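A.B. asks: Following this line is coords26.cif, made up of mmCIF, C-alpha atoms and all ligand atoms:
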data_work
loop_
_atom_site.group_PDB
_atom_site.id
_atom_site.type_symbol
_atom_site.label_atom_id
_atom_site.label_comp_id
_atom_site.auth_asym_id
_atom_site.auth_seq_id
_atom_site.Cartn_x
_atom_site.Cartn_y
_atom_site.Cartn_z
ATOM 1 C CA MET A 1 30.282 9.263 17.915
ATOM 2 C CA ILE A 2 27.968 9.337 14.914
ATOM 3 C CA LYS A 3 30.903 9.813 12.581
ATOM 4 C CA ASP A 4 32.693 6.693 13.830
ATOM 5 C CA ASN A 5 29.530 4.605 14.025
ATOM 6 C CA LEU A 6 28.605 5.529 10.489
ATOM 7 C CA LYS A 7 32.018 4.506 9.243
ATOM 8 C CA VAL A 8 31.820 1.142 11.025
ATOM 9 C CA VAL A 9 28.430 0.434 9.477
ATOM 10 C CA LYS A 10 29.436 1.586 5.992
ATOM 11 C CA ASP A 11 32.627 -0.456 6.070
ATOM 12 C CA SER A 12 30.634 -3.565 6.856
ATOM 13 C CA LEU A 13 28.325 -3.206 3.864
ATOM 14 C CA ALA A 14 28.973 -5.000 0.605
ATOM 15 C CA ASP A 15 29.141 -3.020 -2.625
ATOM 16 C CA GLY A 16 25.706 -2.091 -3.859
ATOM 17 C CA VAL A 17 23.996 -2.275 -0.484
ATOM 18 C CA GLU A 18 22.135 0.948 0.221
ATOM 19 C CA LEU A 19 22.250 2.342 3.733
ATOM 20 C CA VAL A 20 19.202 4.132 5.073
ATOM 21 C CA ALA A 21 20.254 5.964 8.234
ATOM 22 C CA VAL A 22 17.198 5.787 10.470
ATOM 23 C CA SER A 23 17.099 9.097 12.285
ATOM 24 C CA LYS A 24 13.701 8.789 13.990
ATOM 25 C CA TYR A 25 13.675 10.148 17.538
ATOM 26 C CA HIS A 26 17.118 11.694 16.985
ATOM 27 C CA PRO A 27 17.601 15.442 16.764
ATOM 28 C CA ILE A 28 18.261 17.514 13.675
ATOM 29 C CA SER A 29 21.852 17.954 14.799
ATOM 30 C CA ALA A 30 22.354 14.182 14.604
ATOM 31 C CA VAL A 31 21.182 14.161 10.989
ATOM 32 C CA GLN A 32 23.519 17.068 10.272
ATOM 33 C CA GLU A 33 26.445 15.117 11.669
ATOM 34 C CA ALA A 34 25.749 12.144 9.444
ATOM 35 C CA TYR A 35 25.119 14.480 6.498
ATOM 36 C CA ALA A 36 28.535 16.038 7.021
ATOM 37 C CA GLU A 37 30.006 12.555 6.570
ATOM 38 C CA GLY A 38 28.299 12.235 3.208
ATOM 39 C CA GLN A 39 25.181 10.313 4.222
ATOM 40 C CA ARG A 40 22.202 11.398 2.123
ATOM 41 C CA VAL A 41 19.514 8.763 2.675
ATOM 42 C CA PHE A 42 17.583 8.951 5.938
ATOM 43 C CA GLY A 43 14.584 7.077 7.293
ATOM 44 C CA GLU A 44 11.782 8.459 9.448
ATOM 45 C CA SER A 45 8.665 6.821 10.766
ATOM 46 C CA ARG A 46 6.418 9.669 11.816
ATOM 47 C CA GLU A 47 5.035 12.274 9.495
ATOM 48 C CA GLN A 48 5.247 15.228 11.879
ATOM 49 C CA GLU A 49 8.795 14.551 12.923
ATOM 50 C CA LEU A 50 9.764 14.077 9.304
ATOM 51 C CA ARG A 51 8.174 17.358 8.288
ATOM 52 C CA ILE A 52 10.158 19.274 10.887
ATOM 53 C CA LYS A 53 13.404 17.680 9.742
ATOM 54 C CA TYR A 54 12.581 18.113 6.062
ATOM 55 C CA ASP A 55 11.987 21.828 6.576
ATOM 56 C CA ALA A 56 15.181 22.329 8.565
ATOM 57 C CA LEU A 57 17.661 20.259 6.569
ATOM 58 C CA PRO A 58 19.338 20.366 3.138
ATOM 59 C CA LYS A 59 17.082 19.531 0.231
ATOM 60 C CA ASP A 60 19.379 16.969 -1.339
ATOM 61 C CA ILE A 61 18.540 14.539 1.452
ATOM 62 C CA LYS A 62 16.519 11.562 0.289
ATOM 63 C CA TRP A 63 13.857 10.847 2.899
ATOM 64 C CA HIS A 64 12.456 7.344 3.165
ATOM 65 C CA PHE A 65 9.237 6.829 5.051
ATOM 66 C CA ILE A 66 9.521 3.628 7.114
ATOM 67 C CA GLY A 67 6.662 3.839 9.628
ATOM 68 C CA HIS A 68 3.062 2.822 9.449
ATOM 69 C CA LEU A 69 1.503 5.399 7.120
ATOM 70 C CA GLN A 70 -2.103 6.435 7.553
ATOM 71 C CA THR A 71 -3.855 7.363 4.340
ATOM 72 C CA ASN A 72 -4.755 10.808 5.687
ATOM 73 C CA LYS A 73 -1.046 11.618 6.107
ATOM 74 C CA VAL A 74 -0.030 10.839 2.548
ATOM 75 C CA LYS A 75 -0.811 14.332 1.305
ATOM 76 C CA TYR A 76 1.767 15.869 3.625
ATOM 77 C CA ILE A 77 4.708 13.801 2.459
ATOM 78 C CA ALA A 78 3.734 13.376 -1.204
ATOM 79 C CA PRO A 79 5.432 16.611 -2.352
ATOM 80 C CA TYR A 80 8.911 15.592 -1.276
ATOM 81 C CA ILE A 81 9.214 11.994 -0.071
ATOM 82 C CA SER A 82 11.845 9.994 -1.921
ATOM 83 C CA MET A 83 10.538 6.536 -1.098
ATOM 84 C CA ILE A 84 7.670 5.089 0.933
ATOM 85 C CA GLU A 85 8.891 1.714 2.172
ATOM 86 C CA THR A 86 5.836 0.660 4.116
ATOM 87 C CA VAL A 87 3.003 0.167 1.652
ATOM 88 C CA ASP A 88 0.741 -2.478 3.107
ATOM 89 C CA SER A 89 -2.593 -2.111 1.337
ATOM 90 C CA LEU A 90 -4.124 -1.377 -2.034
ATOM 91 C CA LYS A 91 -5.959 1.511 -0.428
ATOM 92 C CA LEU A 92 -2.713 3.143 0.651
ATOM 93 C CA MET A 93 -1.199 2.563 -2.758
ATOM 94 C CA LYS A 94 -4.134 4.312 -4.421
ATOM 95 C CA GLU A 95 -3.837 7.244 -2.083
ATOM 96 C CA ILE A 96 -0.116 7.602 -2.756
ATOM 97 C CA ASN A 97 -0.768 7.422 -6.481
ATOM 98 C CA ARG A 98 -3.465 10.078 -6.228
ATOM 99 C CA HIS A 99 -1.302 12.524 -4.310
ATOM 100 C CA ALA A 100 1.744 11.833 -6.435
ATOM 101 C CA GLU A 101 -0.323 12.755 -9.472
ATOM 102 C CA LYS A 102 -1.486 15.964 -7.811
ATOM 103 C CA ASN A 103 2.153 16.825 -7.228
ATOM 104 C CA ASN A 104 3.121 15.900 -10.746
ATOM 105 C CA ARG A 105 5.550 13.264 -9.685
ATOM 106 C CA VAL A 106 6.168 9.546 -9.507
ATOM 107 C CA ILE A 107 6.741 8.205 -6.014
ATOM 108 C CA ASP A 108 8.878 5.132 -5.417
ATOM 109 C CA ILE A 109 7.356 2.621 -3.048
ATOM 110 C CA LEU A 110 8.159 -0.743 -1.502
ATOM 111 C CA LEU A 111 5.620 -3.411 -0.612
ATOM 112 C CA GLU A 112 5.792 -4.307 3.056
ATOM 113 C CA LEU A 113 5.643 -7.983 3.909
ATOM 114 C CA HIS A 114 4.576 -9.162 7.326
ATOM 115 C CA LEU A 115 6.432 -12.312 8.301
ATOM 116 C CA ALA A 116 7.205 -11.573 11.949
ATOM 117 C CA GLN A 117 5.626 -13.258 14.920
ATOM 118 C CA GLU A 118 4.358 -10.026 16.425
ATOM 119 C CA ASP A 119 0.904 -8.848 15.441
ATOM 120 C CA THR A 120 1.939 -5.294 16.226
ATOM 121 C CA LYS A 121 4.007 -5.079 13.060
ATOM 122 C CA SER A 122 2.272 -4.004 9.886
ATOM 123 C CA GLY A 123 2.601 -5.367 6.396
ATOM 124 C CA MET A 124 0.794 -7.929 4.258
ATOM 125 C CA SER A 125 1.107 -11.686 4.307
ATOM 126 C CA CYS A 126 2.701 -13.287 1.267
ATOM 127 C CA ASP A 127 -0.709 -14.608 0.213
ATOM 128 C CA ASP A 128 -2.427 -11.223 0.468
ATOM 129 C CA MET A 129 0.441 -9.623 -1.419
ATOM 130 C CA ARG A 130 0.203 -12.271 -4.144
ATOM 131 C CA GLN A 131 -3.496 -11.619 -4.461
ATOM 132 C CA MET A 132 -2.976 -7.898 -4.757
ATOM 133 C CA LEU A 133 -0.311 -8.277 -7.418
ATOM 134 C CA GLU A 134 -2.399 -10.799 -9.320
ATOM 135 C CA GLN A 135 -5.470 -8.602 -9.197
ATOM 136 C CA GLY A 136 -3.483 -6.059 -11.161
ATOM 137 C CA GLU A 137 -5.081 -2.734 -10.297
ATOM 138 C CA TRP A 138 -1.613 -1.398 -9.453
ATOM 139 C CA LYS A 139 -0.707 -1.584 -13.112
ATOM 140 C CA ASN A 140 -2.936 1.406 -13.809
ATOM 141 C CA MET A 141 -1.264 3.580 -11.207
ATOM 142 C CA LYS A 142 1.065 5.688 -13.275
ATOM 143 C CA ASN A 143 2.343 7.867 -10.464
ATOM 144 C CA ILE A 144 3.857 5.176 -8.322
ATOM 145 C CA ARG A 145 6.742 2.887 -9.056
ATOM 146 C CA ILE A 146 6.928 -0.395 -7.147
ATOM 147 C CA CYS A 147 10.662 -0.792 -6.526
ATOM 148 C CA GLY A 148 10.747 -3.912 -4.389
ATOM 149 C CA ILE A 149 9.855 -5.275 -0.988
ATOM 150 C CA MET A 150 10.427 -4.311 2.624
ATOM 151 C CA MET A 151 10.276 -6.501 5.693
ATOM 152 C CA MET A 152 10.922 -6.240 9.408
ATOM 153 C CA ALA A 153 12.012 -9.481 11.032
ATOM 154 C CA SER A 154 10.725 -10.763 14.352
ATOM 155 C CA ASN A 155 12.117 -9.134 17.435
ATOM 156 C CA THR A 156 13.838 -12.227 18.805
ATOM 157 C CA ASP A 157 17.246 -13.667 19.655
ATOM 158 C CA ASP A 158 16.408 -16.731 17.598
ATOM 159 C CA GLU A 159 18.778 -16.194 14.663
ATOM 160 C CA GLU A 160 17.483 -19.168 12.796
ATOM 161 C CA ARG A 161 13.988 -17.715 12.803
ATOM 162 C CA ILE A 162 15.229 -14.313 11.625
ATOM 163 C CA LYS A 163 17.193 -15.989 8.882
ATOM 164 C CA GLN A 164 14.126 -17.905 7.726
ATOM 165 C CA GLU A 165 12.144 -14.665 7.540
ATOM 166 C CA PHE A 166 14.871 -12.991 5.506
ATOM 167 C CA LEU A 167 15.009 -15.929 3.128
ATOM 168 C CA THR A 168 11.226 -15.912 2.786
ATOM 169 C CA ALA A 169 11.358 -12.221 1.889
ATOM 170 C CA LYS A 170 14.096 -12.906 -0.625
ATOM 171 C CA ALA A 171 12.103 -15.722 -2.216
ATOM 172 C CA PHE A 172 9.025 -13.511 -2.423
ATOM 173 C CA PHE A 173 11.046 -10.792 -4.117
ATOM 174 C CA THR A 174 12.331 -13.271 -6.704
ATOM 175 C CA GLU A 175 8.853 -14.607 -7.338
ATOM 176 C CA ALA A 176 7.382 -11.123 -7.833
ATOM 177 C CA LYS A 177 10.316 -10.069 -9.994
ATOM 178 C CA GLN A 178 9.865 -13.010 -12.314
ATOM 179 C CA LYS A 179 6.119 -12.773 -12.492
ATOM 180 C CA TYR A 180 5.476 -9.050 -12.732
ATOM 181 C CA PHE A 181 8.643 -7.000 -12.967
ATOM 182 C CA PHE A 182 11.022 -9.059 -15.042
ATOM 183 C CA ASN A 183 11.836 -6.227 -17.422
ATOM 184 C CA GLU A 184 11.693 -3.401 -14.888
ATOM 185 C CA ASP A 185 15.188 -2.608 -13.679
ATOM 186 C CA TYR A 186 13.796 -0.409 -10.936
ATOM 187 C CA PHE A 187 12.219 -3.408 -9.225
ATOM 188 C CA SER A 188 15.453 -4.201 -7.438
ATOM 189 C CA VAL A 189 15.121 -3.350 -3.735
ATOM 190 C CA LYS A 190 15.198 -5.906 -0.947
ATOM 191 C CA SER A 191 14.835 -3.827 2.201
ATOM 192 C CA TYR A 192 15.486 -5.884 5.300
ATOM 193 C CA GLY A 193 18.004 -5.722 8.098
ATOM 194 C CA MET A 194 18.318 -3.284 11.031
ATOM 195 C CA SER A 195 21.009 -2.534 13.603
ATOM 196 C CA HIS A 196 21.076 -5.937 15.239
ATOM 197 C CA ASP A 197 20.568 -8.085 12.156
ATOM 198 C CA TYR A 198 21.780 -6.248 9.056
ATOM 199 C CA LEU A 199 24.855 -8.444 8.583
ATOM 200 C CA LEU A 200 22.708 -11.548 8.555
ATOM 201 C CA ALA A 201 20.266 -9.733 6.273
ATOM 202 C CA GLN A 202 23.062 -9.029 3.807
ATOM 203 C CA GLU A 203 24.007 -12.693 3.802
ATOM 204 C CA CYS A 204 20.366 -13.407 2.994
ATOM 205 C CA GLY A 205 20.291 -11.145 -0.033
ATOM 206 C CA SER A 206 19.325 -7.755 1.372
ATOM 207 C CA ASN A 207 20.584 -4.827 -0.680
ATOM 208 C CA HIS A 208 18.943 -2.078 1.379
ATOM 209 C CA VAL A 209 19.418 -1.937 5.136
ATOM 210 C CA ARG A 210 17.763 0.440 7.604
ATOM 211 C CA VAL A 211 20.098 1.149 10.476
ATOM 212 C CA GLY A 212 19.258 3.500 13.339
ATOM 213 C CA SER A 213 20.586 2.857 16.830
ATOM 214 C CA LYS A 214 23.930 1.521 15.660
ATOM 215 C CA ILE A 215 24.608 4.887 14.016
ATOM 216 C CA PHE A 216 22.877 7.368 16.287
ATOM 217 C CA ASN A 217 23.149 5.921 19.797
HETATM 218 C C1 LIG B 301 13.396 2.039 13.830
HETATM 219 C C2 LIG B 301 13.378 1.259 12.581
HETATM 220 C C3 LIG B 301 14.581 0.793 12.017
HETATM 221 C C4 LIG B 301 15.930 0.986 12.658
HETATM 222 O O1 LIG B 301 16.033 0.201 13.811
HETATM 223 P P1 LIG B 301 17.400 0.117 14.630
HETATM 224 O O2 LIG B 301 17.251 -1.109 15.437
HETATM 225 O O3 LIG B 301 17.479 1.362 15.432
HETATM 226 O O4 LIG B 301 18.496 0.008 13.635
HETATM 227 C C5 LIG B 301 14.501 0.118 10.811
HETATM 228 N N1 LIG B 301 13.321 -0.097 10.198
HETATM 229 C C6 LIG B 301 12.167 0.318 10.715
HETATM 230 C C7 LIG B 301 10.899 0.040 9.987
HETATM 231 C C8 LIG B 301 12.149 1.008 11.921
HETATM 232 O O5 LIG B 301 10.983 1.417 12.426
#
What would the structure in this file look like if it were written as structure tokens?
C.D. replies:
Amino acid sequence: MIKDNLKVVKDSLADGVELVAVSKYHPISAVQEAYAEGQRVFGESREQELRIKYDALPKDIKWHFIGHLQTNKVKYIAPYISMIETVDSLKLMKEINRHAEKNNRVIDILLELHLAQEDTKSGMSCDDMRQMLEQGEWKNMKNIRICGIMMMASNTDDEERIKQEFLTAKAFFTEAKQKYFFNEDYFSVKSYGMSHDYLLAQECGSNHVRVGSKIFN
């Protein structure tokens, strides 16, 4: 039951931890069920699927894009997306900024770190991210707001490894906060933790978890 699952997950979150209900691959009716329980933030990873759900569902839903985003898809989501969590290149950032400007809005984004073992996952290494922040071109992009970092841990049973990745993400957040965003209250999001590891993620400083199967399966 979505209703019961949602309650279990919510009850296990500390105050101030945002829950993104990841509804990818689940039908519109599943989103409606969670919506009826008061959930308003949902995550989707494919543009087409998101568009169908956006059209069909209430407009006070905050949609977070959490999949790999191709630059040629940005224009479709720019009018309505609430947050793009998976920004992994300067090129993508520029494109989001450009389309946000066209739509007369400021789009919230997260910088995606790649710390996992798997090459299949996207995101930037800490070093590449440092370079991009240092280079500073992002400072001229007035139609995006960098709100924090996002990270997907390795797909492994090795809890110690997952924990190390979470702590690395946390440390990177703190470093970036101090260096570039010290006075920006909006730079506050640490997005890591999914169904199987969100409790550990919370212990490691996450304040934004993306939970799918534990709610919808
Ligand atoms: C699918 C997905 C999730 C949710 O995963 P679950 O294991 O179903 O909780 C979270 N984040 C990203 C980026 C995803 O693609």
A.B. asks: Compare A:Glu85, A:Glu47, A:Glu159, A:Asp127 by their minimum atom-to-atom distance to A:His208, counting all atoms listed in the file, and give me the closest one.
C.D. replies: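 Of A:Glu85, A:Glu47, A:Glu159, A:Asp127, the one nearest A:His208 is A:Glu85, counting all atoms listed in the file.
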A.B. asks: Rank nothing, just name the residue among A:Gln117, A:Gln164, A:Asn217, A:Ser89 nearest to A:Glu203, using only C-alpha atoms.
C.D. replies: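 Among A:Gln117, A:Gln164, A:Asn217, A:Ser89, it is A:Gln164 that comes nearest to A:Glu203.
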A.B. asks: Which of these residues is nearest to ligand LIG 301 (chain B), using only C-alpha atoms and all ligand atoms: A:Trp63, A:Tyr76, A:Tyr25, A:Tyr35?
C.D. replies: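 Looking only at the distances to ligand LIG 301 (chain B), the closest residue turns out to be A:Tyr25.
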A.B. asks: Using only C-alpha atoms and all ligand atoms, pick whichever of A:Leu50, A:Met152, A:Ala171, A:Val189 has the shortest atom-to-atom distance to ligand LIG 301 (chain B).
C.D. replies: A:Met152
A.B. asks: Mind pulling up the distance from atom CA of A:Val8 to atom CA of A:Asp197?
C.D. replies: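 Between atom CA of A:Asp197 and atom CA of A:Val8 the gap is 14.6 Å.
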A.B. asks: Mind dumping a table of every chain A residue within 9 Å of ligand LIG 301 (chain B), with the nearest atom pair and its distance in Å to one decimal, using only C-alpha atoms and all ligand atoms, sorted by chain and rising number, as a tab-separated table?
C.D. replies:
residue	atom	partner	partner_atom	distance
A:Val20	CA	B:LIG301	C5	8.4
A:Ala21	CA	B:LIG301	C4	7.9
A:Val22	CA	B:LIG301	C4	5.4
A:Ser23	CA	B:LIG301	C1	8.1
A:Lys24	CA	B:LIG301	C1	6.8
A:Tyr25	CA	B:LIG301	C1	8.9
A:Gly43	CA	B:LIG301	C5	7.8
A:Glu44	CA	B:LIG301	O5	7.7
A:Ser45	CA	B:LIG301	O5	6.1
A:Phe65	CA	B:LIG301	C7	8.6
A:Ile66	CA	B:LIG301	C7	4.8
A:Gly67	CA	B:LIG301	O5	5.7
A:His68	CA	B:LIG301	C7	8.3
A:Glu85	CA	B:LIG301	C7	8.2
A:Thr86	CA	B:LIG301	C7	7.8
A:Met150	CA	B:LIG301	C7	8.6
A:Met151	CA	B:LIG301	C7	7.8
A:Met152	CA	B:LIG301	C7	6.3
A:Ser191	CA	B:LIG301	N1	9.0
A:Tyr192	CA	B:LIG301	N1	7.9
A:Gly193	CA	B:LIG301	C5	7.3
A:Met194	CA	B:LIG301	O4	4.2
A:Ser195	CA	B:LIG301	O4	3.6
A:His196	CA	B:LIG301	O2	6.2
A:Asp197	CA	B:LIG301	O2	8.4
A:Tyr198	CA	B:LIG301	O4	8.4
A:Val209	CA	B:LIG301	C5	7.8
A:Arg210	CA	B:LIG301	C5	4.6
A:Val211	CA	B:LIG301	O4	3.7
A:Gly212	CA	B:LIG301	O3	3.5
A:Ser213	CA	B:LIG301	O3	3.7
A:Lys214	CA	B:LIG301	O4	6.0
A:Ile215	CA	B:LIG301	O4	7.8
A:Phe216	CA	B:LIG301	O3	8.1
A:Asn217	CA	B:LIG301	O3	8.5
A.B. asks: Hey, can you spit out that residue selection with C-alpha atoms as a compact mmCIF listing (two decimals), in the frame of the given file?
C.D. replies:
# COMPACT_ATOMS: atom_id res chain seq x y z
CA VAL A 20 19.20 4.13 5.07
CA ALA A 21 20.25 5.96 8.23
CA VAL A 22 17.20 5.79 10.47
CA SER A 23 17.10 9.10 12.28
CA LYS A 24 13.70 8.79 13.99
CA TYR A 25 13.68 10.15 17.54
CA GLY A 43 14.58 7.08 7.29
CA GLU A 44 11.78 8.46 9.45
CA SER A 45 8.66 6.82 10.77
CA PHE A 65 9.24 6.83 5.05
CA ILE A 66 9.52 3.63 7.11
CA GLY A 67 6.66 3.84 9.63
CA HIS A 68 3.06 2.82 9.45
CA GLU A 85 8.89 1.71 2.17
CA THR A 86 5.84 0.66 4.12
CA MET A 150 10.43 -4.31 2.62
CA MET A 151 10.28 -6.50 5.69
CA MET A 152 10.92 -6.24 9.41
CA SER A 191 14.84 -3.83 2.20
CA TYR A 192 15.49 -5.88 5.30
CA GLY A 193 18.00 -5.72 8.10
CA MET A 194 18.32 -3.28 11.03
CA SER A 195 21.01 -2.53 13.60
CA HIS A 196 21.08 -5.94 15.24
CA ASP A 197 20.57 -8.09 12.16
CA TYR A 198 21.78 -6.25 9.06
CA VAL A 209 19.42 -1.94 5.14
CA ARG A 210 17.76 0.44 7.60
CA VAL A 211 20.10 1.15 10.48
CA GLY A 212 19.26 3.50 13.34
CA SER A 213 20.59 2.86 16.83
CA LYS A 214 23.93 1.52 15.66
CA ILE A 215 24.61 4.89 14.02
CA PHE A 216 22.88 7.37 16.29
CA ASN A 217 23.15 5.92 19.80
